[in-house]
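Novice: Dropping in final.pdb, with PDB, C-alpha atoms.
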ATOM      1  CA  ASP A1286      50.816  -8.820 120.514
ATOM      2  CA  LEU A1287      48.856 -10.500 123.271
ATOM      3  CA  LEU A1288      45.417  -9.007 123.703
ATOM      4  CA  LEU A1289      42.819  -9.285 126.456
ATOM      5  CA  ILE A1290      39.505 -10.571 125.147
ATOM      6  CA  GLY A1291      36.194 -11.542 126.680
ATOM      7  CA  GLY A1292      35.540  -8.244 128.466
ATOM      8  CA  ALA A1293      36.764  -9.400 131.884
ATOM      9  CA  PRO A1294      40.207  -9.261 133.461
ATOM     10  CA  PRO A1295      41.973 -12.608 133.658
ATOM     11  CA  PRO A1296      41.411 -14.534 136.885
ATOM     12  CA  LEU A1297      44.089 -14.710 139.555
ATOM     13  CA  TRP A1298      45.248 -18.219 138.556
ATOM     14  CA  MET A1299      45.918 -17.033 135.027
ATOM     15  CA  ARG A1300      47.681 -13.840 136.105
ATOM     16  CA  LEU A1301      49.981 -15.968 138.267
ATOM     17  CA  ALA A1302      50.609 -18.405 135.403
ATOM     18  CA  LEU A1303      51.421 -15.501 133.068
ATOM     19  CA  ARG A1304      53.940 -14.164 135.610
ATOM     20  CA  VAL A1305      55.614 -17.589 135.708
ATOM     21  CA  MET A1306      55.885 -17.347 131.903
ATOM     22  CA  ASN A1307      57.452 -13.857 132.251
ATOM     23  CA  VAL A1308      54.383 -12.099 130.848
ATOM     24  CA  ASN A1309      53.304  -9.037 132.818
ATOM     25  CA  PRO A1310      49.498  -9.331 133.049
ATOM     26  CA  GLY A1311      49.283  -5.635 133.986
ATOM     27  CA  GLY A1312      50.703  -4.792 130.573
ATOM     28  CA  LEU A1313      47.971  -6.532 128.611
ATOM     29  CA  TRP A1314      45.395  -4.293 126.923
ATOM     30  CA  ASP A1315      42.080  -4.993 125.286
ATOM     31  CA  ALA A1316      41.259  -3.756 121.778
ATOM     32  CA  THR A1317      39.569  -0.604 123.093
ATOM     33  CA  GLU A1318      42.641   0.428 125.096
ATOM     34  CA  TYR A1319      44.955  -0.132 122.113
ATOM     35  CA  VAL A1320      42.734   2.105 119.973
ATOM     36  CA  GLU A1321      42.443   4.820 122.655
ATOM     37  CA  ARG A1322      46.189   4.923 123.320
ATOM     38  CA  LEU A1323      47.168   5.094 119.658
ATOM     39  CA  GLU A1324      44.479   7.669 118.817
ATOM     40  CA  GLY A1325      45.747   9.716 121.768
ATOM     41  CA  LEU A1326      49.106   9.860 119.963
ATOM     42  CA  GLY A1327      47.454  11.110 116.783
ATOM     43  CA  TYR A1328      47.151   7.862 114.826
ATOM     44  CA  ALA A1329      43.978   7.464 112.749
ATOM     45  CA  ASN A1330      41.925   4.497 111.546
ATOM     46  CA  VAL A1331      43.332   2.281 114.287
ATOM     47  CA  ARG A1332      42.281  -1.321 113.748
ATOM     48  CA  VAL A1333      42.848  -4.371 115.898
ATOM     49  CA  GLU A1334      42.799  -7.625 113.957
ATOM     50  CA  ILE A1335      42.766 -10.799 116.029
ATOM     51  CA  LEU A1336      44.837 -13.554 114.465
ATOM     52  CA  GLU A1337      43.224 -16.938 114.998
ATOM     53  CA  GLY A1338      45.316 -20.008 115.720
ATOM     54  CA  VAL A1339      48.483 -18.234 116.873
ATOM     55  CA  LEU A1340      48.236 -18.934 120.602
ATOM     56  CA  GLU A1341      46.624 -22.374 120.462
ATOM     57  CA  PRO A1342      49.885 -24.354 120.166
ATOM     58  CA  TRP A1343      51.581 -22.346 122.938
ATOM     59  CA  VAL A1344      49.136 -21.768 125.786
ATOM     60  CA  PRO A1345      46.658 -23.941 127.689
ATOM     61  CA  ARG A1346      43.143 -23.936 126.218
ATOM     62  CA  ALA A1347      41.754 -22.251 129.374
ATOM     63  CA  PHE A1348      43.832 -19.137 128.547
ATOM     64  CA  LEU A1349      42.069 -18.678 125.206
ATOM     65  CA  THR A1350      38.930 -17.446 126.979
ATOM     66  CA  TYR A1351      40.899 -14.390 128.121
ATOM     67  CA  LEU A1352      43.779 -13.979 125.652
ATOM     68  CA  GLY A1353      44.068 -13.494 121.928
ATOM     69  CA  TYR A1354      46.861 -12.538 119.575
ATOM     70  CA  ALA A1355      46.414  -9.466 117.415
ATOM     71  CA  ILE A1356      48.045  -7.196 114.905
ATOM     72  CA  ILE A1357      47.439  -3.482 115.386
ATOM     73  CA  ILE A1358      47.174  -1.330 112.247
ATOM     74  CA  ALA A1359      46.930   2.477 112.157
ATOM     75  CA  ASP A1360      47.393   5.368 109.741
ATOM     76  CA  ALA A1361      49.819   8.155 110.537
ATOM     77  CA  PRO A1362      48.141  11.456 111.373
ATOM     78  CA  LEU A1363      47.508  13.988 108.595
ATOM     79  CA  GLY A1364      50.210  16.612 108.381
ATOM     80  CA  ALA A1365      52.730  14.352 110.076
ATOM     81  CA  ALA A1366      56.430  15.012 109.738
ATOM     82  CA  ARG A1367      58.209  13.568 106.710
ATOM     83  CA  ARG A1368      59.286  10.541 108.680
ATOM     84  CA  GLU A1369      56.422   8.158 109.144
ATOM     85  CA  LYS A1370      55.620   6.995 112.655
ATOM     86  CA  VAL A1371      55.603   3.332 113.584
ATOM     87  CA  ALA A1372      54.171   1.862 116.781
ATOM     88  CA  VAL A1373      55.752  -1.336 118.056
ATOM     89  CA  ILE A1374      53.631  -3.112 120.650
ATOM     90  CA  GLY A1375      55.730  -4.973 123.204
ATOM     91  CA  SER A1376      59.421  -4.876 123.967
ATOM     92  CA  GLY A1377      60.044  -8.580 123.650
ATOM     93  CA  MET A1378      62.795  -9.863 121.428
ATOM     94  CA  ALA A1379      60.740  -9.382 118.241
ATOM     95  CA  GLY A1380      59.536  -5.907 119.249
ATOM     96  CA  LEU A1381      63.021  -4.638 120.039
ATOM     97  CA  VAL A1382      64.496  -6.114 116.848
ATOM     98  CA  VAL A1383      61.738  -4.534 114.750
ATOM     99  CA  ALA A1384      62.119  -1.172 116.516
ATOM    100  CA  HIS A1385      65.889  -1.228 115.989
ATOM    101  CA  SER A1386      65.560  -2.215 112.303
ATOM    102  CA  LEU A1387      63.042   0.559 111.590
ATOM    103  CA  CYS A1388      64.543   3.428 113.602
ATOM    104  CA  ALA A1389      66.822   4.633 110.789
ATOM    105  CA  ASP A1390      63.856   5.319 108.495
ATOM    106  CA  PHE A1391      60.897   5.845 110.839
ATOM    107  CA  ASP A1392      60.010   7.544 114.109
ATOM    108  CA  VAL A1393      59.506   4.434 116.247
ATOM    109  CA  THR A1394      57.535   4.331 119.485
ATOM    110  CA  VAL A1395      57.669   1.141 121.558
ATOM    111  CA  PHE A1396      54.647   0.522 123.780
ATOM    112  CA  GLU A1397      55.310  -1.704 126.774
ATOM    113  CA  GLY A1398      53.005  -2.447 129.674
ATOM    114  CA  ALA A1399      55.855  -3.291 132.038
ATOM    115  CA  LYS A1400      57.830  -0.656 133.911
ATOM    116  CA  SER A1401      60.867  -1.105 131.678
ATOM    117  CA  LEU A1402      61.712  -2.253 128.172
ATOM    118  CA  GLY A1403      63.548  -5.450 127.413
ATOM    119  CA  LEU A1404      62.388  -8.922 126.518
ATOM    120  CA  ALA A1405      60.218 -10.013 129.426
ATOM    121  CA  GLY A1406      60.829  -6.773 131.304
ATOM    122  CA  ASN A1407      62.019  -8.831 134.243
ATOM    123  CA  PRO A1408      65.823  -8.565 134.262
ATOM    124  CA  THR A1409      68.040 -10.270 136.804
ATOM    125  CA  ALA A1410      71.568  -9.308 137.801
ATOM    126  CA  LEU A1411      73.946 -12.215 137.336
ATOM    127  CA  GLY A1412      77.604 -11.667 138.110
ATOM    128  CA  GLY A1413      77.322  -7.924 137.568
ATOM    129  CA  VAL A1414      75.605  -8.390 134.192
ATOM    130  CA  THR A1415      71.895  -7.830 133.551
ATOM    131  CA  VAL A1416      70.281 -10.907 132.055
ATOM    132  CA  ASP A1417      66.760 -10.826 130.649
ATOM    133  CA  MET A1418      65.791 -14.099 129.000
ATOM    134  CA  PRO A1419      62.186 -15.297 129.107
ATOM    135  CA  LEU A1420      61.645 -18.936 129.986
ATOM    136  CA  ARG A1421      60.148 -19.564 126.550
ATOM    137  CA  LEU A1422      63.588 -19.048 124.985
ATOM    138  CA  SER A1423      64.936 -22.079 126.819
ATOM    139  CA  ASN A1424      61.980 -24.275 125.828
ATOM    140  CA  PRO A1425      63.480 -27.254 123.900
ATOM    141  CA  PRO A1426      60.432 -27.812 121.626
ATOM    142  CA  MET A1427      60.543 -24.150 120.595
ATOM    143  CA  TYR A1428      64.290 -24.064 119.938
ATOM    144  CA  PRO A1429      65.450 -27.678 119.419
ATOM    145  CA  THR A1430      69.005 -26.706 118.400
ATOM    146  CA  VAL A1431      69.693 -24.689 121.577
ATOM    147  CA  GLY A1432      71.566 -26.966 123.915
TER     148      GLY A1432
END
What is this structure when it is put down as structure tokens?
Specialist:
Amino acid sequence: DLLLIGGAPPPLWMRLALRVMNVNPGGLWDATEYVERLEGLGYANVRVEILEGVLEPWVPRAFLTYLGYAIIIADAPLGAARREKVAVIGSGMAGLVVAHSLCADFDVTVFEGAKSLGLAGNPTALGGVTVDMPLRLSNPPMYPTVG
């Protein structure tokens, strides 16, 4: 998931740019907040591992001062129910697919910084149907076969 780094909130120009990219800057957490939230739910040994090189091809270099990409790892609490708990960070396409795939075998909790779940969390009504497709999905270099 995206992670705030550098100890300072992103500047206004970056928050605006993130909004244009359908990323809710209010839903971004730093490593400390991830740990606190998951420990508050009973998870133990919460670790945040920043993955280098993930964002570099996708975001302007100036963003890298404030944003990182991380994997969050935690152990289920002792004495937990038979079904293991899984935390999915973000309700983008990948997060929702993972949550759906795991829900038959695990107790899944989806953490989302936006007010609602669903891709970018910014749905639009179009002809009576709710459409929620982030701009990145229509980016030709990312999906060259989508016409």
Novice: Could you tell me which of A:Arg1332, A:His1385, A:Lys1400, A:Arg1300 comes closest to Ile1357 in chain A if we count all atoms listed in the file?
Specialist: A:Arg1332
Novice: Rounded to one decimal place, report the CA of Glu1321 in chain A-CA of Met1306 in chain A distance in Å.
Specialist: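 Rounded to one decimal, the two atoms are 27.5 Å apart.
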Novice: Once the PyMOL selection byres ((chain A and resi 1352) around 6) has been evaluated on this model, what residues remain selected, and can you format them as a ChimeraX atom specification?
Specialist: /A:1288-1290,1348-1349,1351,1353
Novice: Residues picked by the PyMOL selection byres ((chain A and resi 1334-1341) around 8) here, as a ChimeraX atom specification?
Specialist: /A:1332-1333,1342-1346,1349,1353-1358
Novice: With a distance cut-off of 9 Å and only C-alpha atoms, select the neighbouring residues of Val1371 in chain A, excluding the residue or stretch itself and same-chain residues fewer than 6 positions from it, and output the selection as a PyMOL selection string.
Specialist: chain A and resi 1359+1361+1384+1387-1388+1391-1395
Novice: Which residue out of A:Gly1398, A:Val1373, A:Tyr1319, A:Asn1309 has the minimum interatomic distance to Ser1386 in chain A when all atoms listed in the file are used?
Specialist: A:Val1373
Novice: Just the number, please: distance in Å from CA of Gly1312 in chain A to CA of Glu1397 in chain A, one decimal.
Specialist: 6.7 Å
Novice: Rank nothing, just name the residue among A:Leu1287, A:Ala1379, A:Asp1360, A:Thr1317 nearest to Leu1303 in chain A, using only C-alpha atoms.
Specialist: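 Using only C-alpha atoms, the shortest distance to Leu1303 in chain A belongs to A:Leu1287.
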Novice: Let me know the residues the PyMOL selection byres ((chain A and resi 1327) around 12) catches in the file above, as number ranges by chain.
Specialist: A: 1320-1326, 1328-1331, 1359-1365, 1370-1372
Novice: Have a look at CA of Val1308 in chain A and CA of Ala1399 in chain A and let me know their distance in Å, one decimal.
Specialist: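 One can read the CA of Val1308 in chain A to CA of Ala1399 in chain A distance as 9.0 Å.
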